[in-house]
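For reference, the structure is listed below as structure tokens.
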Amino acid sequence: MSASNDDRQAFLAAMGDVRPHRAAARVSVRRSAPPPVARSAEADARAVMAELLADPVDIDELEYGETLSYRAQGVQESVLRRLRRGHYRVDGNLDLHGYNRHQARLAVIDFLAECHARRWRCVRVVHGKGNGSPNSGPVLKAHVDSWLRRRKDVVAFCSAPSHDGGTGAAYVLLRAPTGANHPQKRRPE
């Protein structure tokens, strides 16, 4: 859009006394490039979120025992046995006390994403024993079991030893990122 001749004359008259500042010649107008965004990683995270929120399993139709135990296909029984005995160092914890089902699911998704970012291999998820759930027992325990079983990044999980939450918590062993070593084991005490 071009200014009228009168507007141009008025502007030049108003700016008549203005002189460039001495430092103006040294000011850089270049902006730093924005940080790169991993769009494929964002799309993967959204796809995982959508899949987990779909929840095709009717959790009320499943039966759960007192303890949790799972190992992915191809994982040796000895890995689950060592996990159950607490031989792996627990890198992080997530406590779901006070969460409803939806909040807990989002917290688990976010926590596992953080675990991968930090390259954690063994973590503890405290789901509770259901003592505060009226007439229904451990609701979150059953959901956590279902959610973890459907994740490809979960190698194994089991109820924690009694000193670390017992049947109210689960140790979760995550798949190692490409090029990572085996999870660090706890030293015998």
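Identifiers in the structure tokens: chain A, B, ... in order shown; residue index from 1 per chain; ligand index from 1 in order shown.
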
*Would you please give, as number ranges by chain, all residues of segment 61-187 of chain A that DSSP assigns to helix (DSSP H, G or I) based on the backbone?*
A: 61, 77-84, 101-118, 139-149, 162-164, 166-168

_Need the shell around Asp95 of chain A: protein/DNA/RNA residues with any atom at most 8 Å away, counting only C-alpha atoms. Skip same-chain ones fewer than 3 positions apart. Format as a ChimeraX atom specification?_
/A:125-127

Grab the residues selected above and save them as an mmCIF file, in the first residue's frame with N, CA and C atoms.
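Saved file part_1.cif follows:
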data_model
loop_
_atom_site.group_PDB
_atom_site.id
_atom_site.type_symbol
_atom_site.label_atom_id
_atom_site.label_comp_id
_atom_site.auth_asym_id
_atom_site.auth_seq_id
_atom_site.Cartn_x
_atom_site.Cartn_y
_atom_site.Cartn_z
ATOM 1 N N VAL A 125 6.090 -47.717 39.720
ATOM 2 C CA VAL A 125 4.799 -47.043 39.606
ATOM 3 C C VAL A 125 3.964 -47.474 40.807
ATOM 4 N N VAL A 126 3.616 -46.508 41.643
ATOM 5 C CA VAL A 126 2.791 -46.784 42.831
ATOM 6 C C VAL A 126 1.338 -46.550 42.436
ATOM 7 N N HIS A 127 0.561 -47.632 42.372
ATOM 8 C CA HIS A 127 -0.842 -47.537 41.965
ATOM 9 C C HIS A 127 -1.777 -47.650 43.155
#

*Nearby residues (only C-alpha atoms) at most 7 Å from Lys129 of chain A, same-chain spacing under 4 positions excluded, as a PyMOL selection string*: chain A and resi 138+167-168
